[in-house]
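Structure file input.tsv (TSV, C-alpha atoms) is printed below.
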```tsv
chain	number	residue	atom	x	y	z
A	98	MET	CA	27.36	91.34	140.34
A	99	ARG	CA	26.34	94.90	139.55
A	100	LEU	CA	28.32	96.13	142.54
A	101	GLY	CA	31.44	94.45	141.13
A	102	ARG	CA	30.97	96.19	137.78
A	103	VAL	CA	30.61	99.54	139.53
A	104	PHE	CA	33.89	98.98	141.40
A	105	SER	CA	35.58	97.99	138.12
A	106	VAL	CA	34.45	101.20	136.42
A	107	ILE	CA	35.64	103.26	139.39
A	108	ALA	CA	39.01	101.51	139.37
A	109	VAL	CA	39.49	102.18	135.64
A	110	CYS	CA	38.60	105.84	136.05
A	111	PHE	CA	41.00	106.17	138.98
A	112	PHE	CA	43.80	104.52	136.95
A	113	VAL	CA	43.27	106.86	133.99
A	114	SER	CA	43.21	109.88	136.31
A	115	ALA	CA	46.38	108.79	138.02
A	116	CYS	CA	48.17	108.31	134.69
A	117	SER	CA	47.15	111.74	133.50
A	118	TRP	CA	48.17	113.26	136.85
A	119	PHE	CA	51.62	111.67	137.10
A	120	GLY	CA	52.43	111.69	133.41
A	121	GLY	CA	51.01	115.08	132.68
A	122	ASP	CA	54.30	116.92	133.15
A	123	GLU	CA	55.87	115.09	130.16
A	124	LYS	CA	53.02	116.02	127.83
A	125	ARG	CA	52.73	119.60	129.01
A	126	LEU	CA	55.52	120.92	126.85
A	127	PRO	CA	55.55	124.63	126.14
A	128	ASP	CA	53.50	125.51	123.08
A	129	ILE	CA	56.16	127.21	120.93
A	130	PRO	CA	54.91	128.64	117.62
A	131	GLU	CA	56.39	127.23	114.42
A	132	GLN	CA	57.96	130.53	113.38
A	133	GLN	CA	59.69	130.92	116.75
A	134	LEU	CA	61.06	127.37	116.69
A	135	TYR	CA	62.44	127.84	113.19
A	136	ASP	CA	64.03	131.19	114.05
A	137	GLU	CA	65.67	129.71	117.17
A	138	ALA	CA	67.05	126.81	115.11
A	139	ILE	CA	68.51	129.14	112.48
A	140	THR	CA	70.02	131.35	115.19
A	141	ALA	CA	71.66	128.29	116.75
A	142	LEU	CA	73.10	127.31	113.37
A	143	GLU	CA	74.49	130.81	112.82
A	144	GLN	CA	76.10	130.75	116.26
A	145	GLN	CA	77.53	127.28	115.54
A	146	GLU	CA	75.53	125.74	118.38
A	147	TYR	CA	74.81	122.65	116.32
A	148	GLU	CA	73.55	120.40	119.11
A	149	THR	CA	70.94	123.01	120.03
A	150	ALA	CA	70.05	123.42	116.37
A	151	VAL	CA	69.48	119.66	116.02
A	152	GLU	CA	67.15	119.68	119.04
A	153	LYS	CA	65.14	122.65	117.74
A	154	LEU	CA	64.83	121.24	114.23
A	155	GLN	CA	63.79	117.83	115.52
A	156	MET	CA	61.16	119.48	117.69
A	157	LEU	CA	59.96	121.58	114.77
A	158	GLU	CA	59.61	118.53	112.54
A	159	ALA	CA	57.81	116.54	115.24
A	160	ARG	CA	55.32	119.28	116.13
A	161	TYR	CA	54.67	120.72	112.70
A	162	PRO	CA	55.24	117.84	110.19
A	163	PHE	CA	53.11	119.58	107.56
A	164	GLY	CA	53.86	123.13	108.55
A	165	ARG	CA	55.24	126.03	106.59
A	166	TYR	CA	58.88	125.25	107.43
A	167	SER	CA	58.74	121.44	107.47
A	168	GLU	CA	60.66	120.84	104.23
A	169	GLN	CA	63.22	123.56	104.93
A	170	ALA	CA	63.67	122.21	108.46
A	171	GLN	CA	64.49	118.76	107.03
A	172	LEU	CA	67.19	120.31	104.85
A	173	GLU	CA	68.61	122.32	107.72
A	174	LEU	CA	68.61	119.18	109.87
A	175	ILE	CA	70.92	117.42	107.39
A	176	PHE	CA	73.37	120.31	107.69
A	177	ALA	CA	73.05	120.40	111.49
A	178	TYR	CA	73.80	116.67	111.75
A	179	HIS	CA	76.76	117.10	109.43
A	180	LYS	CA	78.25	119.96	111.46
A	181	ASN	CA	77.53	118.16	114.74
A	182	PHE	CA	79.71	115.21	113.60
A	183	GLU	CA	76.82	112.78	113.23
A	184	PRO	CA	77.56	111.33	109.75
A	185	GLU	CA	75.17	108.38	109.95
A	186	ALA	CA	72.28	110.62	111.02
A	187	ALA	CA	73.16	113.15	108.31
A	188	ARG	CA	73.15	110.51	105.55
A	189	ALA	CA	69.90	109.02	106.85
A	190	ALA	CA	68.29	112.48	106.91
A	191	ALA	CA	69.54	113.16	103.37
A	192	ASP	CA	68.18	109.83	102.09
A	193	ARG	CA	64.85	110.54	103.77
A	194	PHE	CA	64.59	114.00	102.21
A	195	ILE	CA	65.48	112.64	98.75
A	196	ARG	CA	62.89	109.90	99.10
A	197	LEU	CA	60.11	112.21	100.33
A	198	HIS	CA	60.83	115.18	98.03
A	199	PRO	CA	62.30	113.86	94.73
A	200	SER	CA	61.20	117.01	92.86
A	201	HIS	CA	62.21	119.59	95.45
A	202	GLU	CA	63.98	122.64	94.07
A	203	ASN	CA	66.86	122.19	96.55
A	204	ILE	CA	67.30	118.43	96.26
A	205	ASP	CA	70.76	119.02	94.76
A	206	TYR	CA	71.73	120.45	98.15
A	207	ALA	CA	70.67	117.19	99.83
A	208	TYR	CA	72.88	115.15	97.48
A	209	TYR	CA	75.75	117.56	98.05
A	210	LEU	CA	75.48	117.36	101.84
A	211	LYS	CA	75.29	113.58	101.68
A	212	GLY	CA	78.47	113.44	99.60
A	213	LEU	CA	80.21	116.05	101.74
A	214	THR	CA	79.41	114.16	104.95
A	215	ALA	CA	80.94	110.94	103.61
A	216	PHE	CA	83.91	112.88	102.19
A	217	GLU	CA	84.78	114.39	105.55
A	218	GLN	CA	84.17	111.08	107.28
A	219	ASP	CA	86.79	109.52	105.02
A	220	GLN	CA	89.18	112.34	105.94
A	221	SER	CA	88.94	111.40	109.59
A	222	MET	CA	90.72	112.94	112.55
A	223	PHE	CA	93.12	109.97	112.58
A	224	GLN	CA	94.40	110.86	109.14
A	225	ARG	CA	94.65	114.55	109.97
A	226	PHE	CA	96.63	114.17	113.19
A	227	LEU	CA	98.31	110.76	112.89
A	228	PRO	CA	100.81	109.53	110.26
A	229	ILE	CA	98.45	107.00	108.64
A	230	ASP	CA	98.74	106.10	104.95
A	231	ILE	CA	95.29	106.81	103.50
A	232	ASP	CA	95.85	104.30	100.68
A	233	GLN	CA	95.78	101.45	103.20
A	234	ARG	CA	92.45	102.41	104.77
A	235	ASP	CA	89.13	100.96	103.64
A	236	PRO	CA	87.55	103.47	101.23
A	237	GLY	CA	83.90	102.72	102.03
A	238	ALA	CA	83.08	106.32	102.90
A	239	ALA	CA	85.05	107.55	99.87
A	240	ARG	CA	82.98	105.35	97.55
A	241	SER	CA	79.75	106.59	99.11
A	242	SER	CA	80.88	110.18	98.69
A	243	PHE	CA	81.91	109.59	95.08
A	244	GLU	CA	78.50	108.08	94.25
A	245	SER	CA	76.59	110.98	95.81
A	246	PHE	CA	78.66	113.60	94.02
A	247	SER	CA	78.37	111.65	90.76
A	248	THR	CA	74.57	111.57	91.07
A	249	LEU	CA	74.53	115.30	91.78
A	250	ILE	CA	76.63	116.13	88.70
A	251	ASN	CA	74.80	113.76	86.35
A	252	ARG	CA	71.29	114.84	87.35
A	253	TYR	CA	71.91	118.50	88.13
A	254	PRO	CA	74.92	119.64	86.06
A	255	ASP	CA	73.91	123.30	86.43
A	256	SER	CA	73.75	123.13	90.22
A	257	SER	CA	75.78	125.71	92.12
A	258	TYR	CA	77.26	122.81	94.10
A	259	ALA	CA	78.44	120.92	90.99
A	260	PRO	CA	81.87	122.64	90.61
A	261	ASP	CA	82.91	121.84	94.18
A	262	ALA	CA	81.57	118.29	93.83
A	263	GLN	CA	83.62	117.87	90.63
A	264	LYS	CA	86.84	118.87	92.39
A	265	ARG	CA	86.17	116.51	95.26
A	266	MET	CA	85.38	113.68	92.85
A	267	LEU	CA	88.79	114.09	91.24
A	268	PHE	CA	90.45	113.65	94.63
A	269	LEU	CA	88.22	110.68	95.45
A	270	LYS	CA	88.95	109.03	92.11
A	271	ASN	CA	92.69	109.20	92.81
A	272	ARG	CA	92.08	107.93	96.34
A	273	LEU	CA	90.09	104.90	95.16
A	274	ALA	CA	92.62	104.06	92.43
A	275	SER	CA	95.53	104.22	94.87
A	276	TYR	CA	93.72	101.90	97.26
A	277	GLU	CA	93.07	99.35	94.50
A	278	VAL	CA	96.77	99.33	93.56
A	279	HIS	CA	97.68	98.93	97.24
A	280	VAL	CA	95.43	95.87	97.43
A	281	ALA	CA	96.84	94.53	94.16
A	282	ASN	CA	100.39	94.77	95.53
A	283	TYR	CA	99.24	93.04	98.70
A	284	TYR	CA	97.97	90.13	96.61
A	285	MET	CA	101.14	90.06	94.52
A	286	LYS	CA	103.31	89.66	97.61
A	287	ARG	CA	101.18	86.74	98.72
A	288	GLY	CA	101.09	84.98	95.37
A	289	ALA	CA	97.40	85.69	94.65
A	290	TYR	CA	98.13	86.73	91.07
A	291	ILE	CA	94.59	86.37	89.70
A	292	ALA	CA	93.23	88.71	92.37
A	293	ALA	CA	96.08	91.16	91.74
A	294	ALA	CA	95.44	91.19	87.98
A	295	ASN	CA	91.72	91.80	88.53
A	296	ARG	CA	92.41	94.74	90.83
A	297	GLY	CA	94.80	96.27	88.33
A	298	ARG	CA	92.33	95.78	85.49
A	299	TYR	CA	89.59	97.48	87.53
A	300	VAL	CA	91.73	100.63	87.83
A	301	VAL	CA	92.57	100.66	84.12
A	302	GLU	CA	88.94	100.17	83.05
A	303	ASN	CA	87.06	102.25	85.64
A	304	LEU	CA	89.51	104.75	87.15
A	305	LYS	CA	91.40	105.97	84.12
A	306	GLU	CA	93.71	108.97	83.99
A	307	THR	CA	94.73	108.74	87.63
A	308	PRO	CA	98.31	108.73	88.96
A	309	ALA	CA	97.82	105.06	89.92
A	310	THR	CA	97.14	103.94	86.33
A	311	PRO	CA	100.76	103.06	85.41
A	312	ASP	CA	101.14	101.09	88.64
A	313	ALA	CA	97.93	99.21	87.83
A	314	LEU	CA	99.23	98.34	84.34
A	315	ALA	CA	102.52	97.18	85.83
A	316	VAL	CA	100.69	94.91	88.28
A	317	MET	CA	98.64	93.46	85.41
A	318	TYR	CA	101.79	92.76	83.40
A	319	GLN	CA	103.61	91.11	86.29
A	320	ALA	CA	100.59	89.09	87.43
A	321	TYR	CA	99.77	87.80	83.94
A	322	GLU	CA	103.41	86.91	83.36
A	323	LEU	CA	103.58	84.87	86.56
A	324	LEU	CA	100.32	83.18	85.64
A	325	GLY	CA	101.79	82.13	82.29
A	326	GLU	CA	99.37	84.30	80.30
A	327	GLN	CA	102.00	85.71	77.96
A	328	GLN	CA	99.60	87.35	75.52
A	329	LEU	CA	97.78	89.29	78.25
A	330	ALA	CA	101.10	90.16	79.90
A	331	GLN	CA	102.55	91.50	76.65
A	332	SER	CA	99.41	93.53	75.96
A	333	ALA	CA	99.54	95.17	79.40
A	334	ARG	CA	103.27	95.84	79.00
A	335	ASP	CA	102.80	97.42	75.56
A	336	VAL	CA	100.10	99.77	76.84
A	337	LEU	CA	102.22	100.68	79.85
A	338	LEU	CA	105.39	101.50	77.90
A	339	ALA	CA	103.46	103.28	75.15
A	340	ASN	CA	101.93	105.70	77.63
A	341	TYR	CA	104.65	105.73	80.29
A	342	PRO	CA	107.92	104.91	78.48
A	343	ASN	CA	110.12	105.73	81.50
A	344	TYR	CA	108.20	103.59	83.96
A	345	PRO	CA	110.64	101.42	86.00
A	346	LEU	CA	109.35	97.87	85.71
A	347	LYS	CA	110.33	95.48	88.48
A	348	SER	CA	110.04	91.73	88.50
A	349	TYR	CA	108.22	89.68	91.09
A	350	LYS	CA	109.32	86.22	92.11
A	351	VAL	CA	106.86	83.40	92.56
A	352	LYS	CA	105.64	83.37	96.12
A	353	ASN	CA	107.23	80.63	98.25
A	354	THR	CA	105.17	80.18	101.39
A	355	SER	CA	107.20	79.31	104.48
A	356	LEU	CA	106.15	76.79	107.11
A	357	LEU	CA	105.85	79.58	109.71
A	358	GLU	CA	103.62	81.68	107.45
A	359	THR	CA	101.40	78.69	106.68
A	360	ALA	CA	101.12	77.62	110.31
A	361	THR	CA	100.13	81.15	111.40
A	362	PHE	CA	97.79	81.72	108.45
A	363	GLY	CA	99.97	84.50	107.04
A	364	LEU	CA	100.33	86.45	110.29
A	365	PHE	CA	104.09	85.80	110.56
A	366	GLY	CA	106.82	84.82	108.19
A	367	SER	CA	105.67	86.94	105.23
A	368	GLU	CA	107.46	89.84	103.60
A	369	SER	CA	104.85	92.38	104.71
A	370	GLU	CA	103.71	91.32	108.12
A	371	THR	CA	102.52	94.81	109.01
A	372	ASP	CA	100.14	95.21	106.05
A	373	ASP	CA	96.46	95.10	106.93
A	374	PRO	CA	94.66	92.48	104.82
A	375	PRO	CA	92.15	94.05	102.44
A	376	ARG	CA	88.56	92.92	102.24
A	377	PRO	CA	88.29	90.42	99.35
A	378	THR	CA	85.68	90.87	96.65
A	379	VAL	CA	83.97	88.50	94.25
A	380	GLU	CA	86.09	89.84	91.40
A	381	ASP	CA	89.25	88.77	93.23
A	382	LYS	CA	88.29	85.14	92.66
A	383	GLN	CA	87.21	85.49	89.05
A	384	GLY	CA	89.13	85.69	85.81
A	385	LEU	CA	91.80	83.14	84.99
A	386	GLU	CA	90.92	80.35	87.39
A	387	LYS	CA	91.52	76.81	86.19
A	388	PRO	CA	88.80	74.13	86.07
A	389	GLU	CA	88.10	72.60	89.46
A	390	ASN	CA	89.46	69.04	88.70
A	391	GLU	CA	92.60	70.39	87.08
A	392	ALA	CA	93.27	72.80	89.91
A	393	GLN	CA	92.64	70.06	92.46
A	394	LYS	CA	95.09	67.66	90.78
A	395	GLU	CA	97.71	70.39	90.56
A	396	GLN	CA	97.21	71.23	94.22
A	397	GLU	CA	97.63	67.58	95.23
A	398	THR	CA	101.02	67.40	93.50
A	399	LYS	CA	102.24	70.66	95.05
A	400	ARG	CA	101.27	69.95	98.65
A	401	PRO	CA	104.31	70.06	100.99
A	402	TRP	CA	105.50	67.18	103.17
A	403	TYR	CA	103.98	68.61	106.34
A	404	HIS	CA	100.48	68.41	104.84
A	405	LYS	CA	100.43	64.66	105.39
A	406	ALA	CA	102.37	64.86	108.63
A	407	THR	CA	99.75	67.14	110.17
A	408	PHE	CA	96.77	65.25	108.65
A	409	GLY	CA	95.89	68.19	106.45
A	410	ILE	CA	95.69	70.77	109.24
A	411	PHE	CA	98.37	72.86	107.54
A	412	GLU	CA	97.98	73.15	103.80
```
Full structure transcribed into structure tokens:
Amino acid sequence: MRLGRVFSVIAVCFFVSACSWFGGDEKRLPDIPEQQLYDEAITALEQQEYETAVEKLQMLEARYPFGRYSEQAQLELIFAYHKNFEPEAARAAADRFIRLHPSHENIDYAYYLKGLTAFEQDQSMFQRFLPIDIDQRDPGAARSSFESFSTLINRYPDSSYAPDAQKRMLFLKNRLASYEVHVANYYMKRGAYIAAANRGRYVVENLKETPATPDALAVMYQAYELLGEQQLAQSARDVLLANYPNYPLKSYKVKNTSLLETATFGLFGSESETDDPPRPTVEDKQGLEKPENEAQKEQETKRPWYHKATFGIFE
């Protein structure tokens, strides 16, 4: 019994020795001083070798998490990720720095880099080199950028980065308003007048003084008129003509859905077959909706002949 225990101890010792022998090369990394690592990272940044800078800064943070340059290295890492076209990593690094150092003297720089990363992500290479209408693209990155810049300006109005953030916010505000009007027009063409009116109202209430404001008011007027809400329609029209007296109002006709469009779920047979469908929001379904029983009765009376013929497969 004792002999078995002795062999067990010897086997364990041999296993540990073997692990340290074969795995020792991975752990035997060169012992680079903190100052040298930081200087090499900064040199790589200055020479625009951003991938090398990321590696050096990651190594610096891993080896000296509480060292002299740890906080500065975290800031530099956000910039390195940003310049190395790693937007997700840059935003994550910025969020981490903001969470760990809420009172840091350069926290405004972290907010600025976070907003700048999302701003440049929205202005992607496809928009720069291909003829793509930016108003039809999802503005998720633009919204994220706008929020970061807004936080920077509200919390640190005297920051040296605030003026540039303010200019970019103006562009982003126009970008977001134009997208909302694009979505509103999409809904108008498909007869979703409640959703169109809500999108227009969002621009008027939250994105004022943008070039898209008159278009948003026009959509509200047309949508309310087609919904039979004459008072709301007249109010939107009065505001529009009072502020933009030369605006050319156009009239929309009630959407008549064809059999082909219904059968293909709107893919074919519509007026704008090439438009990309926007992502619907909760607000698109709120507002002037009728009570459920009344809407159901009205729907029953308006169902076309092929609804029964196809056993309700095509509405």
- Near A:Arg298, within 12 Å and counting only C-alpha atoms, which residues show up once chain neighbours fewer than 5 positions away are dropped, as a PyMOL selection string? chain A and resi 274+277-278+281+291-293+303-305+309-318+320-321+329-330+333+380-381+384
Within 12 Å of stretch 239-245 of chain A: each stretch 160-206 of chain A residue with its shortest pair, only C-alpha atoms, as a tab-separated table:
```
residue	atom	partner	partner_atom	distance
A:Pro184	CA	A:Ser242	CA	11.6
A:Glu185	CA	A:Ser241	CA	11.9
A:Arg188	CA	A:Ser241	CA	10.0
A:Ala191	CA	A:Ser245	CA	10.6
A:Asp192	CA	A:Ser245	CA	10.6
A:Ile195	CA	A:Ser245	CA	11.6
A:Ile204	CA	A:Ser245	CA	11.9
A:Asp205	CA	A:Ser245	CA	10.0
A:Tyr206	CA	A:Ser245	CA	10.9
```
- Message: Please compute the atom CA of A:His198-atom CA of A:Glu168 distance, one decimal, in Å.
- Response: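 Spanning atom CA of A:His198 to atom CA of A:Glu168 is a straight-line distance of 8.4 Å.
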- Task: Report the distance between atom CA of A:Glu146 and atom CA of A:Tyr166 in Å, rounded to one decimal place.
- Result: 19.9 Å
- Could you check which of A:Tyr209, A:Gln218, A:Lys347, A:Pro199 is closest to A:Ser247, using all atoms listed in the file? A:Tyr209
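For the atom pair formed by atom CA of A:Asp261 and atom CA of A:Phe216, the distance is 12.1 Å, given to one decimal.
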